[in-house]
>>> print(open('start.pdb').read())   # PDB, C-alpha atoms
ATOM      1  CA  MET A   1      14.887 -42.002  -8.496
ATOM      2  CA  GLU A   2      15.157 -45.734  -8.599
ATOM      3  CA  GLU A   3      16.172 -47.361 -11.862
ATOM      4  CA  LYS A   4      13.450 -50.021 -11.966
ATOM      5  CA  MET A   5       9.984 -48.491 -11.839
ATOM      6  CA  THR A   6       6.562 -49.960 -12.354
ATOM      7  CA  PRO A   7       4.573 -48.465 -15.257
ATOM      8  CA  HIS A   8       2.556 -46.275 -12.867
ATOM      9  CA  GLU A   9       5.672 -44.996 -11.094
ATOM     10  CA  ALA A  10       7.403 -44.317 -14.401
ATOM     11  CA  ARG A  11       4.327 -42.449 -15.646
ATOM     12  CA  ALA A  12       4.244 -40.298 -12.484
ATOM     13  CA  ALA A  13       7.915 -39.394 -12.930
ATOM     14  CA  GLU A  14       7.371 -38.664 -16.635
ATOM     15  CA  LEU A  15       4.363 -36.451 -15.949
ATOM     16  CA  PHE A  16       6.165 -34.444 -13.268
ATOM     17  CA  LEU A  17       9.237 -33.951 -15.438
ATOM     18  CA  SER A  18       6.986 -32.781 -18.282
ATOM     19  CA  GLY A  19       5.490 -30.004 -16.130
ATOM     20  CA  ALA A  20       2.588 -31.551 -14.210
ATOM     21  CA  VAL A  21       2.335 -30.487 -10.578
ATOM     22  CA  CYS A  22       3.217 -33.146  -8.032
ATOM     23  CA  ALA A  23      -0.384 -34.103  -7.265
ATOM     24  CA  GLN A  24      -1.308 -34.304 -10.944
ATOM     25  CA  ALA A  25       1.703 -36.473 -11.684
ATOM     26  CA  VAL A  26       0.719 -39.100  -9.117
ATOM     27  CA  PHE A  27      -3.056 -38.895  -9.558
ATOM     28  CA  CYS A  28      -2.956 -38.951 -13.361
ATOM     29  CA  ALA A  29      -0.431 -41.799 -13.431
ATOM     30  CA  PHE A  30      -3.014 -43.993 -11.714
ATOM     31  CA  CYS A  31      -6.167 -42.592 -13.379
ATOM     32  CA  ASP A  32      -6.624 -45.837 -15.313
ATOM     33  CA  LEU A  33      -7.521 -47.701 -12.109
ATOM     34  CA  PRO A  34     -10.723 -45.807 -11.291
ATOM     35  CA  GLY A  35     -11.391 -45.370 -15.026
ATOM     36  CA  LEU A  36     -10.962 -41.598 -15.172
ATOM     37  CA  ASP A  37      -9.940 -39.923 -18.390
ATOM     38  CA  PHE A  38      -6.669 -37.985 -18.231
ATOM     39  CA  GLU A  39      -8.250 -34.529 -18.604
ATOM     40  CA  THR A  40     -10.693 -35.089 -15.740
ATOM     41  CA  ALA A  41      -7.946 -36.539 -13.546
ATOM     42  CA  SER A  42      -5.690 -33.603 -14.364
ATOM     43  CA  ARG A  43      -8.348 -31.052 -13.475
ATOM     44  CA  LEU A  44      -9.339 -32.856 -10.257
ATOM     45  CA  SER A  45      -5.749 -32.869  -9.015
ATOM     46  CA  SER A  46      -4.648 -29.466 -10.333
ATOM     47  CA  SER A  47      -5.398 -27.636  -7.067
ATOM     48  CA  MET A  48      -3.293 -29.898  -4.892
ATOM     49  CA  GLY A  49       0.201 -29.033  -6.156
ATOM     50  CA  GLY A  50       2.732 -27.268  -3.955
ATOM     51  CA  GLY A  51       1.143 -28.595  -0.797
ATOM     52  CA  VAL A  52      -2.338 -27.526  -1.998
ATOM     53  CA  GLY A  53      -2.194 -24.360  -4.084
ATOM     54  CA  ARG A  54       1.381 -23.577  -2.928
ATOM     55  CA  LEU A  55       0.190 -23.329   0.690
ATOM     56  CA  ARG A  56       2.991 -25.794   1.500
ATOM     57  CA  GLU A  57       0.756 -28.085   3.522
ATOM     58  CA  VAL A  58       0.558 -31.824   2.716
ATOM     59  CA  CYS A  59       2.895 -32.753  -0.154
ATOM     60  CA  GLY A  60       0.983 -32.810  -3.429
ATOM     61  CA  GLY A  61       2.407 -36.205  -4.344
ATOM     62  CA  VAL A  62       0.946 -37.601  -1.138
ATOM     63  CA  THR A  63      -2.363 -35.800  -1.672
ATOM     64  CA  GLY A  64      -2.587 -37.246  -5.171
ATOM     65  CA  ALA A  65      -1.905 -40.709  -3.750
ATOM     66  CA  PHE A  66      -4.582 -40.186  -1.077
ATOM     67  CA  ALA A  67      -7.092 -39.263  -3.791
ATOM     68  CA  VAL A  68      -6.295 -42.388  -5.818
ATOM     69  CA  LEU A  69      -6.606 -44.536  -2.715
ATOM     70  CA  GLY A  70      -9.990 -42.939  -2.014
ATOM     71  CA  LEU A  71     -11.258 -43.599  -5.518
ATOM     72  CA  VAL A  72     -10.198 -47.229  -5.652
ATOM     73  CA  CYS A  73     -10.441 -48.287  -1.982
ATOM     74  CA  GLY A  74     -12.555 -45.665  -0.256
ATOM     75  CA  TYR A  75     -16.084 -45.853   1.040
ATOM     76  CA  ASP A  76     -19.180 -44.115  -0.303
ATOM     77  CA  ASP A  77     -21.800 -44.596   2.405
ATOM     78  CA  PRO A  78     -21.524 -41.869   5.077
ATOM     79  CA  ALA A  79     -22.993 -44.331   7.607
ATOM     80  CA  ASP A  80     -20.291 -46.956   6.901
ATOM     81  CA  LYS A  81     -18.212 -46.488  10.052
ATOM     82  CA  GLU A  82     -16.191 -49.651   9.435
ATOM     83  CA  GLY A  83     -15.421 -48.564   5.874
ATOM     84  CA  LYS A  84     -14.407 -45.127   7.096
ATOM     85  CA  SER A  85     -12.158 -46.591   9.792
ATOM     86  CA  ARG A  86     -10.575 -49.020   7.328
ATOM     87  CA  HIS A  87     -10.005 -46.281   4.766
ATOM     88  CA  TYR A  88      -8.544 -43.825   7.289
ATOM     89  CA  ALA A  89      -6.199 -46.569   8.486
ATOM     90  CA  ASP A  90      -5.043 -46.992   4.874
ATOM     91  CA  ILE A  91      -4.488 -43.227   4.565
ATOM     92  CA  ARG A  92      -2.455 -43.163   7.769
ATOM     93  CA  GLU A  93      -0.423 -46.139   6.564
ATOM     94  CA  LEU A  94       0.346 -44.443   3.249
ATOM     95  CA  ALA A  95       1.386 -41.292   5.138
ATOM     96  CA  ARG A  96       3.548 -43.326   7.527
ATOM     97  CA  ARG A  97       5.354 -45.168   4.746
ATOM     98  CA  PHE A  98       5.953 -41.978   2.789
ATOM     99  CA  ALA A  99       7.219 -40.028   5.820
ATOM    100  CA  GLU A 100       9.451 -42.890   6.890
ATOM    101  CA  ARG A 101      11.183 -42.874   3.492
ATOM    102  CA  SER A 102      11.106 -39.147   2.686
ATOM    103  CA  ARG A 103      13.605 -36.476   3.600
ATOM    104  CA  GLY A 104      13.071 -35.389   7.155
ATOM    105  CA  GLY A 105      10.339 -37.890   7.893
ATOM    106  CA  SER A 106       7.413 -35.664   6.983
ATOM    107  CA  ILE A 107       4.469 -35.468   4.600
ATOM    108  CA  VAL A 108       4.322 -31.665   4.924
ATOM    109  CA  CYS A 109       5.612 -29.831   1.845
ATOM    110  CA  ARG A 110       7.210 -26.882   3.684
ATOM    111  CA  GLU A 111       9.016 -29.196   6.137
ATOM    112  CA  ILE A 112      10.318 -31.372   3.321
ATOM    113  CA  LEU A 113      11.536 -28.309   1.413
ATOM    114  CA  GLN A 114      13.126 -26.775   4.509
ATOM    115  CA  ASN A 115      14.873 -30.070   5.311
ATOM    116  CA  ALA A 116      16.311 -29.900   1.788
ATOM    117  CA  GLY A 117      17.640 -26.383   2.485
ATOM    118  CA  LEU A 118      14.946 -24.624   0.465
ATOM    119  CA  SER A 119      12.302 -22.087   1.368
ATOM    120  CA  GLY A 120       9.004 -23.527   2.465
ATOM    121  CA  GLU A 121       7.353 -20.136   2.054
ATOM    122  CA  LYS A 122       3.670 -20.113   1.076
ATOM    123  CA  GLY A 123       2.348 -18.620  -2.119
ATOM    124  CA  GLY A 124       4.210 -16.949  -4.903
ATOM    125  CA  GLU A 125       4.532 -17.907  -8.485
ATOM    126  CA  ALA A 126       5.646 -21.377  -9.500
ATOM    127  CA  GLU A 127       9.280 -21.557 -10.516
ATOM    128  CA  ALA A 128      10.238 -22.298 -14.095
ATOM    129  CA  ARG A 129      10.963 -25.978 -14.648
ATOM    130  CA  THR A 130      14.623 -25.784 -15.590
ATOM    131  CA  SER A 131      17.393 -28.312 -15.090
ATOM    132  CA  GLU A 132      18.484 -26.261 -12.054
ATOM    133  CA  TYR A 133      14.979 -26.517 -10.611
ATOM    134  CA  TYR A 134      15.034 -30.307 -10.860
ATOM    135  CA  GLU A 135      18.576 -30.541  -9.460
ATOM    136  CA  LYS A 136      17.912 -28.550  -6.289
ATOM    137  CA  ARG A 137      14.437 -29.766  -5.367
ATOM    138  CA  PRO A 138      13.493 -33.079  -3.779
ATOM    139  CA  CYS A 139      10.148 -33.037  -5.608
ATOM    140  CA  PRO A 140      10.944 -35.439  -8.483
ATOM    141  CA  ASP A 141      12.098 -38.087  -6.017
ATOM    142  CA  LEU A 142       9.087 -37.451  -3.783
ATOM    143  CA  VAL A 143       6.638 -37.817  -6.658
ATOM    144  CA  TYR A 144       8.257 -41.148  -7.436
ATOM    145  CA  LEU A 145       8.161 -42.118  -3.748
ATOM    146  CA  ALA A 146       4.450 -41.277  -3.439
ATOM    147  CA  ALA A 147       3.694 -43.342  -6.549
ATOM    148  CA  GLU A 148       5.871 -46.179  -5.272
ATOM    149  CA  VAL A 149       4.184 -46.304  -1.851
ATOM    150  CA  LEU A 150       0.733 -46.086  -3.434
ATOM    151  CA  GLY A 151       1.655 -48.847  -5.874
ATOM    152  CA  GLU A 152       2.899 -51.077  -3.044
ATOM    153  CA  MET A 153      -0.325 -50.623  -1.118
ATOM    154  CA  LEU A 154      -2.495 -51.268  -4.169
ATOM    155  CA  TRP A 155      -0.462 -54.386  -4.944
ATOM    156  CA  GLU A 156      -0.891 -55.605  -1.349
ATOM    157  CA  LYS A 157      -4.659 -55.107  -1.717
ATOM    158  CA  GLY A 158      -4.687 -57.115  -4.955
ATOM    159  CA  ILE A 159      -5.696 -54.094  -7.063
ATOM    160  CA  LEU A 160      -2.424 -53.995  -8.986
ATOM    161  CA  LYS A 161      -1.009 -57.216 -10.289
TER     162      LYS A 161
END
>>> encode(input="start.pdb", output="structure tokens")
Amino acid sequence: MEEKMTPHEARAAELFLSGAVCAQAVFCAFCDLPGLDFETASRLSSSMGGGVGRLREVCGGVTGAFAVLGLVCGYDDPADKEGKSRHYADIRELARRFAERSRGGSIVCREILQNAGLSGEKGGEAEARTSEYYEKRPCPDLVYLAAEVLGEMLWEKGILK
């Protein structure tokens, strides 16, 4: 992880290292922006860890970032085609930036894990969070990366100062 982090990035790293799943770490680190309380944010993002319930699909850090982007920059009128297009373009841009800077150029949990020499197998019980766990997995760095990319985009939009 980088040495100089913004408060949101540092909070995401802290939350992940304290046991939050990847999605919770990113989503809860930014829950102040949409005005969500921590407990609600934690519950909303609890299903998205491990590539959504350990299905190893989209990285939970990225999913958490997508959810924050939706809450603070998304659209709420189903008929707002311009808003939908603008928001989807933002989502694709976040995914592009993350993939470009992640291991193996992917946003897919199983691919990222496999590129790191780990099993991308679906399901199973979550591993204990030991020092060995953190040493072998790319997840702490990816949580930071997701928070960093999200923070950059929110800064560019004038939401973060």
>>> residues_around(input="start.pdb", residues="region 120-128 of chain A", least_positions_apart="4", cutoff="7 Å", atoms="only C-alpha atoms", output="list in words")
Arg54, Leu55, Arg56, Arg110, Glu111, Leu113 and Gln114 of chain A
>>> residues_near_point(input="start.pdb", point="(-6.4, -34.4, -12.0)", cutoff="12 Å", atoms="only C-alpha atoms", output="PyMOL selection string")
chain A and resi 15+20-32+36-49+60-61+63-65+67-68
>>> resolve_selection(input="start.pdb", expression="the PyMOL selection byres ((chain A and resi 137) around 10)", output="PyMOL selection string")
chain A and resi 112-113+116-118+132-136+138-142
>>> atom_distance(input="start.pdb", atom1="CA of Leu154 (chain A)", atom2="CA of Gly105 (chain A)")
22.1 Å
>>> atom_distance(input="start.pdb", atom1="CA of Arg96 (chain A)", atom2="CA of Glu57 (chain A)")
16.0 Å
>>> atom_distance(input="start.pdb", atom1="CA of Leu150 (chain A)", atom2="CA of Arg129 (chain A)")
25.2 Å
>>> resolve_selection(input="start.pdb", expression="the PyMOL selection byres ((chain A and resi 151) around 10)", output="PDB file with C-alpha atoms, in the coordinates of the input")
ATOM      1  CA  THR A   6       6.562 -49.960 -12.354  1.00  0.00           C
ATOM      2  CA  PRO A   7       4.573 -48.465 -15.257  1.00  0.00           C
ATOM      3  CA  HIS A   8       2.556 -46.275 -12.867  1.00  0.00           C
ATOM      4  CA  GLU A   9       5.672 -44.996 -11.094  1.00  0.00           C
ATOM      5  CA  PHE A  30      -3.014 -43.993 -11.714  1.00  0.00           C
ATOM      6  CA  ALA A  65      -1.905 -40.709  -3.750  1.00  0.00           C
ATOM      7  CA  LEU A  69      -6.606 -44.536  -2.715  1.00  0.00           C
ATOM      8  CA  LEU A 145       8.161 -42.118  -3.748  1.00  0.00           C
ATOM      9  CA  ALA A 146       4.450 -41.277  -3.439  1.00  0.00           C
ATOM     10  CA  ALA A 147       3.694 -43.342  -6.549  1.00  0.00           C
ATOM     11  CA  GLU A 148       5.871 -46.179  -5.272  1.00  0.00           C
ATOM     12  CA  VAL A 149       4.184 -46.304  -1.851  1.00  0.00           C
ATOM     13  CA  LEU A 150       0.733 -46.086  -3.434  1.00  0.00           C
ATOM     14  CA  GLU A 152       2.899 -51.077  -3.044  1.00  0.00           C
ATOM     15  CA  MET A 153      -0.325 -50.623  -1.118  1.00  0.00           C
ATOM     16  CA  LEU A 154      -2.495 -51.268  -4.169  1.00  0.00           C
ATOM     17  CA  TRP A 155      -0.462 -54.386  -4.944  1.00  0.00           C
ATOM     18  CA  GLU A 156      -0.891 -55.605  -1.349  1.00  0.00           C
ATOM     19  CA  LYS A 157      -4.659 -55.107  -1.717  1.00  0.00           C
ATOM     20  CA  ILE A 159      -5.696 -54.094  -7.063  1.00  0.00           C
ATOM     21  CA  LEU A 160      -2.424 -53.995  -8.986  1.00  0.00           C
ATOM     22  CA  LYS A 161      -1.009 -57.216 -10.289  1.00  0.00           C
TER      23      LYS A 161
END
>>> closest_residue(input="start.pdb", among="A:Asp76, A:Ser119, A:Gly83, A:Val62", to="Arg97 (chain A)", atoms="only C-alpha atoms")
A:Val62
>>> closest_residue(input="start.pdb", among="A:Gly74, A:Ala79, A:Gly50, A:Phe66", to="Glu93 (chain A)", atoms="all atoms listed in the file")
A:Phe66
